[in-house]
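Text of upload.cif (mmCIF, C-alpha atoms) as supplied:
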```
data_my_file
#
loop_
_atom_site.group_PDB
_atom_site.id
_atom_site.type_symbol
_atom_site.label_atom_id
_atom_site.label_comp_id
_atom_site.auth_asym_id
_atom_site.auth_seq_id
_atom_site.Cartn_x
_atom_site.Cartn_y
_atom_site.Cartn_z
ATOM 1 C CA MET A 11 -4.819 18.923 9.683
ATOM 2 C CA THR A 12 -4.693 16.293 6.946
ATOM 3 C CA SER A 13 -3.338 12.887 7.906
ATOM 4 C CA LEU A 14 -0.832 11.198 5.645
ATOM 5 C CA PRO A 15 -0.802 7.433 5.152
ATOM 6 C CA GLN A 16 1.231 4.926 7.103
ATOM 7 C CA ALA A 17 2.541 1.459 6.492
ATOM 8 C CA SER A 18 -0.168 -0.941 7.513
ATOM 9 C CA THR A 19 -1.064 -4.584 7.207
ATOM 10 C CA ASN A 20 -4.541 -3.443 6.162
ATOM 11 C CA THR A 21 -5.474 -2.372 2.652
ATOM 12 C CA ASP A 22 -6.901 1.011 3.674
ATOM 13 C CA TRP A 23 -5.403 3.894 5.648
ATOM 14 C CA GLU A 24 -5.937 3.356 9.339
ATOM 15 C CA SER A 25 -3.333 5.591 10.911
ATOM 16 C CA ASN A 26 -1.670 8.925 10.364
ATOM 17 C CA THR A 27 2.060 8.397 10.578
ATOM 18 C CA ARG A 28 4.285 9.971 7.945
ATOM 19 C CA GLY A 29 6.686 7.705 6.118
ATOM 20 C CA THR A 30 8.899 6.808 3.200
ATOM 21 C CA SER A 31 8.748 3.412 1.507
ATOM 22 C CA THR A 32 8.792 1.017 -1.464
ATOM 23 C CA PRO A 33 8.410 -2.597 -2.673
ATOM 24 C CA GLN A 34 9.191 -5.532 -0.542
ATOM 25 C CA SER A 35 12.140 -7.827 -0.332
ATOM 26 C CA ASN A 36 11.674 -11.508 0.380
ATOM 27 C CA SER A 37 14.509 -11.377 2.896
ATOM 28 C CA ASN A 38 13.531 -12.004 6.497
ATOM 29 C CA ILE A 39 14.322 -9.606 9.315
ATOM 30 C CA ASN A 40 16.157 -11.210 12.180
ATOM 31 C CA ALA A 41 15.066 -9.355 15.299
ATOM 32 C CA LYS A 42 18.033 -10.657 17.237
ATOM 33 C CA SER A 43 20.603 -9.590 14.691
ATOM 34 C CA ASN A 44 22.288 -6.190 14.838
ATOM 35 C CA THR A 45 23.803 -6.336 11.379
ATOM 36 C CA THR A 46 22.900 -4.319 8.321
ATOM 37 C CA LYS A 47 22.584 -6.104 4.996
ATOM 38 C CA THR A 48 21.460 -5.106 1.542
ATOM 39 C CA SER A 49 19.555 -7.295 -0.837
ATOM 40 C CA PRO A 50 17.884 -6.799 -4.203
ATOM 41 C CA MET A 51 14.149 -7.123 -4.482
ATOM 42 C CA PRO A 52 13.403 -10.328 -6.396
ATOM 43 C CA ALA A 53 11.624 -10.260 -9.723
ATOM 44 C CA ASN A 54 7.869 -10.642 -9.528
ATOM 45 C CA ASN A 55 6.208 -12.167 -12.560
ATOM 46 C CA ASN A 56 2.832 -10.746 -11.505
ATOM 47 C CA ALA A 57 4.024 -7.130 -11.583
ATOM 48 C CA THR A 58 4.893 -5.108 -14.656
ATOM 49 C CA LYS A 59 6.240 -1.725 -15.675
ATOM 50 C CA VAL A 60 4.692 -2.044 -19.139
ATOM 51 C CA PRO A 61 1.310 -0.261 -19.437
ATOM 52 C CA PRO A 62 -1.414 -2.847 -20.075
ATOM 53 C CA SER A 63 -3.217 -2.756 -23.408
ATOM 54 C CA VAL A 64 -6.544 -1.330 -22.308
ATOM 55 C CA LEU A 65 -8.864 1.095 -24.044
ATOM 56 C CA GLN A 66 -8.405 4.689 -22.911
ATOM 57 C CA GLU A 67 -11.513 5.766 -21.062
ATOM 58 C CA LYS A 68 -13.396 8.780 -22.373
ATOM 59 C CA VAL A 69 -13.350 12.098 -20.534
ATOM 60 C CA THR A 70 -16.614 13.990 -20.990
ATOM 61 C CA VAL A 71 -18.432 17.116 -19.824
ATOM 62 C CA GLY A 72 -20.430 16.432 -16.661
ATOM 63 C CA MET A 73 -17.996 13.765 -15.446
ATOM 64 C CA THR A 74 -16.942 13.794 -11.781
ATOM 65 C CA VAL A 75 -13.145 13.742 -11.518
ATOM 66 C CA LEU A 76 -10.296 14.516 -9.151
ATOM 67 C CA ALA A 77 -8.380 17.603 -10.247
ATOM 68 C CA ARG A 78 -5.164 19.315 -9.195
ATOM 69 C CA ARG A 79 -5.708 22.431 -7.134
ATOM 70 C CA ARG A 80 -2.146 22.684 -5.857
ATOM 71 C CA ALA A 81 0.891 20.391 -6.156
ATOM 72 C CA MET A 82 -0.103 18.185 -3.199
ATOM 73 C CA ASN A 83 -3.801 18.954 -3.133
ATOM 74 C CA TRP A 84 -6.181 17.355 -5.605
ATOM 75 C CA GLN A 85 -9.906 17.706 -4.998
ATOM 76 C CA ARG A 86 -13.146 16.323 -6.347
ATOM 77 C CA GLY A 87 -15.014 18.355 -8.911
ATOM 78 C CA LYS A 88 -16.984 18.231 -12.138
ATOM 79 C CA ILE A 89 -15.906 18.917 -15.720
ATOM 80 C CA VAL A 90 -18.118 21.743 -16.986
ATOM 81 C CA GLU A 91 -16.307 22.480 -20.260
ATOM 82 C CA ILE A 92 -13.602 20.993 -22.488
ATOM 83 C CA VAL A 93 -11.549 23.711 -24.189
ATOM 84 C CA LYS A 94 -9.593 22.963 -27.370
ATOM 85 C CA ARG A 95 -6.332 24.922 -27.618
ATOM 86 C CA GLU A 96 -4.790 26.330 -30.793
ATOM 87 C CA ASN A 97 -2.098 23.642 -30.666
ATOM 88 C CA GLY A 98 -4.757 20.926 -30.643
ATOM 89 C CA GLY A 99 -4.380 20.156 -26.961
ATOM 90 C CA LEU A 100 -7.295 20.008 -24.549
ATOM 91 C CA LYS A 101 -7.940 21.797 -21.267
ATOM 92 C CA TYR A 102 -10.666 20.920 -18.785
ATOM 93 C CA LYS A 103 -12.620 23.520 -16.814
ATOM 94 C CA ILE A 104 -13.358 22.129 -13.357
ATOM 95 C CA TYR A 105 -15.853 23.310 -10.758
ATOM 96 C CA PHE A 106 -14.735 21.951 -7.394
ATOM 97 C CA ASP A 107 -17.146 20.535 -4.815
ATOM 98 C CA GLN A 108 -15.478 22.710 -2.160
ATOM 99 C CA LYS A 109 -16.015 25.892 -4.217
ATOM 100 C CA GLY A 110 -13.680 27.403 -6.764
ATOM 101 C CA LYS A 111 -12.819 26.535 -10.349
ATOM 102 C CA SER A 112 -9.718 25.786 -12.389
ATOM 103 C CA LEU A 113 -8.599 25.097 -15.963
ATOM 104 C CA VAL A 114 -6.294 22.085 -16.025
ATOM 105 C CA SER A 115 -4.592 19.708 -18.454
ATOM 106 C CA GLY A 116 -5.442 16.020 -18.857
ATOM 107 C CA HIS A 117 -2.505 14.955 -16.709
ATOM 108 C CA HIS A 118 -3.941 16.979 -13.837
ATOM 109 C CA ILE A 119 -7.266 15.158 -13.643
ATOM 110 C CA ALA A 120 -7.924 11.610 -12.437
ATOM 111 C CA PHE A 121 -10.900 9.299 -12.773
ATOM 112 C CA HIS A 122 -13.137 9.330 -9.708
ATOM 113 C CA SER A 123 -14.079 5.704 -10.261
ATOM 114 C CA MET A 124 -12.030 2.824 -8.875
ATOM 115 C CA PRO A 125 -9.598 1.409 -11.455
ATOM 116 C CA LYS A 126 -9.554 -2.185 -12.597
ATOM 117 C CA VAL A 127 -6.568 -4.241 -11.470
ATOM 118 C CA ASP A 128 -5.539 -4.956 -15.078
ATOM 119 C CA GLN A 129 -5.201 -1.198 -15.670
ATOM 120 C CA LEU A 130 -2.497 -0.857 -13.013
ATOM 121 C CA PHE A 131 1.244 -1.303 -13.446
ATOM 122 C CA VAL A 132 4.485 -0.268 -11.753
ATOM 123 C CA GLY A 133 5.132 3.337 -12.815
ATOM 124 C CA ALA A 134 1.453 4.260 -13.315
ATOM 125 C CA ARG A 135 0.504 7.823 -12.393
ATOM 126 C CA VAL A 136 -2.159 7.730 -9.673
ATOM 127 C CA VAL A 137 -3.941 9.835 -7.066
ATOM 128 C CA VAL A 138 -4.545 8.518 -3.548
ATOM 129 C CA LYS A 139 -7.281 9.363 -1.042
ATOM 130 C CA CYS A 140 -6.148 10.452 2.413
ATOM 131 C CA GLN A 141 -7.883 10.259 5.770
ATOM 132 C CA GLY A 142 -10.877 12.442 6.603
ATOM 133 C CA ASP A 143 -14.064 13.336 4.757
ATOM 134 C CA GLN A 144 -12.715 16.693 3.565
ATOM 135 C CA ALA A 145 -9.101 15.559 3.114
ATOM 136 C CA PRO A 146 -7.442 16.156 -0.262
ATOM 137 C CA PHE A 147 -6.142 13.528 -2.639
ATOM 138 C CA PHE A 148 -2.396 13.209 -3.169
ATOM 139 C CA PRO A 149 -0.628 12.458 -6.496
ATOM 140 C CA GLY A 150 1.963 9.721 -6.722
ATOM 141 C CA VAL A 151 3.467 6.852 -8.697
ATOM 142 C CA LEU A 152 2.529 3.197 -8.276
ATOM 143 C CA ALA A 153 5.598 1.305 -7.081
ATOM 144 C CA GLU A 154 4.361 -2.189 -6.283
ATOM 145 C CA LEU A 155 1.402 -4.421 -7.088
ATOM 146 C CA PRO A 156 -0.172 -6.695 -4.462
ATOM 147 C CA THR A 157 1.560 -9.984 -3.648
ATOM 148 C CA ARG A 158 1.565 -12.264 -0.649
ATOM 149 C CA LYS A 159 4.979 -10.835 0.217
ATOM 150 C CA ASN A 160 3.567 -7.349 0.733
ATOM 151 C CA ARG A 161 0.311 -8.634 2.276
ATOM 152 C CA MET A 162 -1.711 -7.897 -0.863
ATOM 153 C CA ARG A 163 -1.232 -4.136 -0.867
ATOM 154 C CA PHE A 164 -0.372 -1.533 -3.479
ATOM 155 C CA LEU A 165 2.710 0.559 -2.751
ATOM 156 C CA VAL A 166 2.577 4.203 -3.846
ATOM 157 C CA PHE A 167 5.254 6.878 -3.635
ATOM 158 C CA LEU A 168 3.533 10.227 -3.173
ATOM 159 C CA ASP A 169 5.126 13.256 -4.820
ATOM 160 C CA ASN A 170 6.506 14.467 -1.473
ATOM 161 C CA HIS A 171 8.538 11.204 -1.145
ATOM 162 C CA THR A 172 6.079 9.712 1.336
ATOM 163 C CA PRO A 173 5.448 5.988 0.734
ATOM 164 C CA ALA A 174 2.123 4.346 1.459
ATOM 165 C CA TYR A 175 0.582 0.898 1.250
ATOM 166 C CA VAL A 176 -3.034 1.217 0.097
ATOM 167 C CA GLY A 177 -5.997 -0.825 -1.058
ATOM 168 C CA LEU A 178 -7.572 -0.669 -4.509
ATOM 169 C CA PRO A 179 -10.565 1.509 -3.420
ATOM 170 C CA LEU A 180 -8.184 4.352 -2.526
ATOM 171 C CA LEU A 181 -6.440 4.449 -5.918
ATOM 172 C CA HIS A 182 -7.451 6.649 -8.853
ATOM 173 C CA LEU A 183 -5.795 6.627 -12.279
ATOM 174 C CA VAL A 184 -4.707 9.916 -13.844
ATOM 175 C CA CYS A 185 -6.765 10.401 -17.012
ATOM 176 C CA ARG A 186 -4.132 11.513 -19.527
ATOM 177 C CA PRO A 187 -0.643 11.089 -17.991
ATOM 178 C CA LEU A 188 2.401 12.632 -19.646
ATOM 179 C CA THR A 189 4.540 10.472 -21.931
ATOM 180 C CA ASP A 190 6.959 10.328 -19.010
ATOM 181 C CA PRO A 191 4.706 10.567 -15.914
ATOM 182 C CA LEU A 192 7.713 11.478 -13.749
ATOM 183 C CA ASP A 193 7.939 14.854 -15.518
ATOM 184 C CA ASP A 194 4.926 15.894 -13.438
ATOM 185 C CA ILE A 195 6.791 15.439 -10.123
ATOM 186 C CA PRO A 196 7.776 18.935 -8.870
ATOM 187 C CA ASP A 197 10.507 17.856 -6.424
ATOM 188 C CA VAL A 198 13.781 17.345 -8.314
ATOM 189 C CA ILE A 199 15.336 15.007 -5.738
ATOM 190 C CA HIS A 200 12.251 12.768 -5.566
ATOM 191 C CA LYS A 201 11.986 12.719 -9.371
ATOM 192 C CA LYS A 202 15.615 11.531 -9.583
ATOM 193 C CA PHE A 203 14.892 8.861 -6.955
ATOM 194 C CA MET A 204 11.850 7.607 -8.862
ATOM 195 C CA LYS A 205 13.773 7.473 -12.156
ATOM 196 C CA GLY A 206 16.382 5.300 -10.452
ATOM 197 C CA TYR A 207 13.718 3.173 -8.812
ATOM 198 C CA LEU A 208 11.925 2.406 -12.073
ATOM 199 C CA LYS A 209 15.224 1.818 -13.868
ATOM 200 C CA ASP A 210 16.390 -0.715 -11.256
ATOM 201 C CA TRP A 211 13.000 -2.375 -10.752
ATOM 202 C CA PRO A 212 12.509 -5.206 -9.911
ATOM 203 C CA ASN A 213 16.122 -5.705 -8.696
ATOM 204 C CA LEU A 214 16.028 -3.018 -6.020
ATOM 205 C CA PRO A 215 18.695 -2.766 -3.333
ATOM 206 C CA GLN A 216 17.275 -2.481 0.181
ATOM 207 C CA THR A 217 18.746 -2.354 3.639
ATOM 208 C CA GLN A 218 17.759 -4.869 6.309
ATOM 209 C CA TYR A 219 17.403 -3.640 9.871
ATOM 210 C CA SER A 220 16.482 -5.233 13.162
ATOM 211 C CA VAL A 221 14.171 -3.653 15.720
ATOM 212 C CA GLY A 222 16.159 -1.638 18.255
ATOM 213 C CA ARG A 223 19.049 -0.897 15.930
ATOM 214 C CA ILE A 224 20.520 2.625 15.979
ATOM 215 C CA ILE A 225 20.924 4.086 12.498
ATOM 216 C CA HIS A 226 21.366 7.495 10.855
ATOM 217 C CA VAL A 227 18.714 9.106 8.649
ATOM 218 C CA GLU A 228 18.734 12.433 6.839
ATOM 219 C CA LEU A 229 16.326 15.047 8.211
ATOM 220 C CA ASN A 230 16.341 18.611 6.898
ATOM 221 C CA GLY A 231 19.703 18.042 5.225
ATOM 222 C CA ILE A 232 21.445 16.573 8.304
ATOM 223 C CA GLN A 233 22.072 12.930 9.214
ATOM 224 C CA LYS A 234 20.330 12.300 12.561
ATOM 225 C CA LYS A 235 20.514 9.362 14.971
ATOM 226 C CA CYS A 236 17.398 7.167 15.018
ATOM 227 C CA GLU A 237 16.165 3.939 16.540
ATOM 228 C CA VAL A 238 14.335 1.322 14.483
ATOM 229 C CA LEU A 239 10.875 0.748 16.004
ATOM 230 C CA GLN A 240 9.376 -1.754 13.565
ATOM 231 C CA VAL A 241 9.727 -3.223 10.094
ATOM 232 C CA ASP A 242 6.835 -3.793 7.693
ATOM 233 C CA CYS A 243 7.774 -5.386 4.392
ATOM 234 C CA SER A 244 9.702 -2.682 2.495
ATOM 235 C CA LEU A 245 9.229 -0.083 5.212
ATOM 236 C CA VAL A 246 11.005 0.663 8.424
ATOM 237 C CA GLN A 247 9.655 2.933 11.154
ATOM 238 C CA VAL A 248 12.206 5.017 13.041
ATOM 239 C CA VAL A 249 12.118 7.533 15.853
ATOM 240 C CA PHE A 250 14.599 10.416 15.779
ATOM 241 C CA GLN A 251 16.276 10.453 19.178
ATOM 242 C CA GLU A 252 16.685 14.222 19.378
ATOM 243 C CA ALA A 253 13.134 15.346 18.553
ATOM 244 C CA GLN A 254 11.263 12.050 19.108
ATOM 245 C CA HIS A 255 9.805 12.480 15.632
ATOM 246 C CA ARG A 256 8.530 9.185 14.189
ATOM 247 C CA GLU A 257 8.595 8.386 10.517
ATOM 248 C CA TRP A 258 8.191 5.487 8.102
ATOM 249 C CA LEU A 259 10.942 5.093 5.514
ATOM 250 C CA TYR A 260 11.442 2.930 2.465
ATOM 251 C CA ARG A 261 14.275 0.499 3.115
ATOM 252 C CA GLY A 262 15.933 1.677 -0.088
ATOM 253 C CA SER A 263 15.500 5.384 0.643
ATOM 254 C CA ILE A 264 18.377 7.694 -0.204
ATOM 255 C CA ARG A 265 17.841 9.305 3.207
ATOM 256 C CA LEU A 266 19.331 6.232 4.884
ATOM 257 C CA GLU A 267 23.042 6.629 5.552
ATOM 258 C CA HIS A 268 23.680 2.971 4.704
ATOM 259 C CA MET A 269 22.045 3.396 1.288
ATOM 260 C CA LEU A 270 24.125 6.473 0.515
ATOM 261 C CA LYS A 271 27.329 4.592 1.350
ATOM 262 C CA MET A 272 26.261 1.556 -0.654
ATOM 263 C CA ARG A 273 25.394 3.620 -3.745
ATOM 264 C CA ALA A 274 28.709 5.483 -3.484
ATOM 265 C CA GLN A 275 30.526 2.149 -3.380
ATOM 266 C CA LEU A 276 28.589 0.855 -6.399
ATOM 267 C CA LYS A 277 29.641 3.917 -8.394
ATOM 268 C CA LYS A 278 33.300 3.230 -7.553
ATOM 269 C CA ASP A 279 32.949 -0.381 -8.658
#
```
Using the file provided, produce a representation of the structure as structure tokens.
Amino acid sequence: MTSLPQASTNTDWESNTRGTSTPQSNSNINAKSNTTKTSPMPANNNATKVPPSVLQEKVTVGMTVLARRRAMNWQRGKIVEIVKRENGGLKYKIYFDQKGKSLVSGHHIAFHSMPKVDQLFVGARVVVKCQGDQAPFFPGVLAELPTRKNRMRFLVFLDNHTPAYVGLPLLHLVCRPLTDPLDDIPDVIHKKFMKGYLKDWPNLPQTQYSVGRIIHVELNGIQKKCEVLQVDCSLVQVVFQEAQHREWLYRGSIRLEHMLKMRAQLKKD
């Protein structure tokens, strides 16, 4: 079974807890307080949503890449042929290391090499390596660049709404992303969340919780009672009291009851 990433103070995956997350707020968590507050994420001059002006790397036959096999399963393979379509577009024939082949578009392949920091920006389409030698790579959107506030980590929202803090060696840039990279996200609800996230960035509303607080979080369409176990920058880990299921959530996640109420109030105002 493939392990998904967890919030961690390290720059690589080290554990296998599922979660949901996002950028960090500079507000402190008061462990003794039992109040819930919301605060916008402050602007960060070192982060940007504007794609940097860098030369587009070439994609050639014989190149090792990461290619989409299924929505949440990208694997390593080699480009064996570049096919030009009648409309002028290009397709790439991939032979996968783990057997099998596929014909994919440029937005469904990613560079196998580690990106340079100046190529990365908030909103970039990326693929992230998961735990295990044979584990697949997961597609996502870069949500935060490293700062001291987030302990020098990159924050990525995977396409299944799972958030993860990762180090640079685990990131891979998609070769030819769509004009709007979010159009490649299959889940409608997560796509809507990401559109709102990028629109509001860097002034992102987030809840503040203390360890031990009882809150309500949506699970399978129903708000369930949870206890806050720990807080890590923009993430909060909860345990669902009924099933004892643990999960990391972004403190601005629409699954949090407090966030739903706050957004409803903002619409009224």
Any idea what the distance is between CA of Gln141 in chain A and CA of Met82 in chain A?
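Between CA of Gln141 in chain A and CA of Met82 in chain A the gap works out to 14.3 Å.
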Can you translate the PyMOL selection byres ((chain A and resi 208) around 12) into the concrete residues it hits in this file, as a PyMOL selection string?
chain A and resi 32-33+58-60+131-134+151-154+167+190-192+201-207+209-214
Which distance in Å separates CA of Lys88 in chain A and CA of Asp107 in chain A, to one decimal?
7.7 Å
Skip Gln254 in chain A itself and residues of its chain fewer than 5 positions away, then list as a list in words all residues within 10 Å of it, counting all atoms listed in the file.
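The contact residues come out as Cys236, Glu237, Val248 and Val249 of chain A.
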Quick check, in Å to one decimal: how far apart do CA of Phe147 in chain A and CA of Arg186 in chain A lie?
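Spanning CA of Phe147 in chain A to CA of Arg186 in chain A is a straight-line distance of 17.1 Å.
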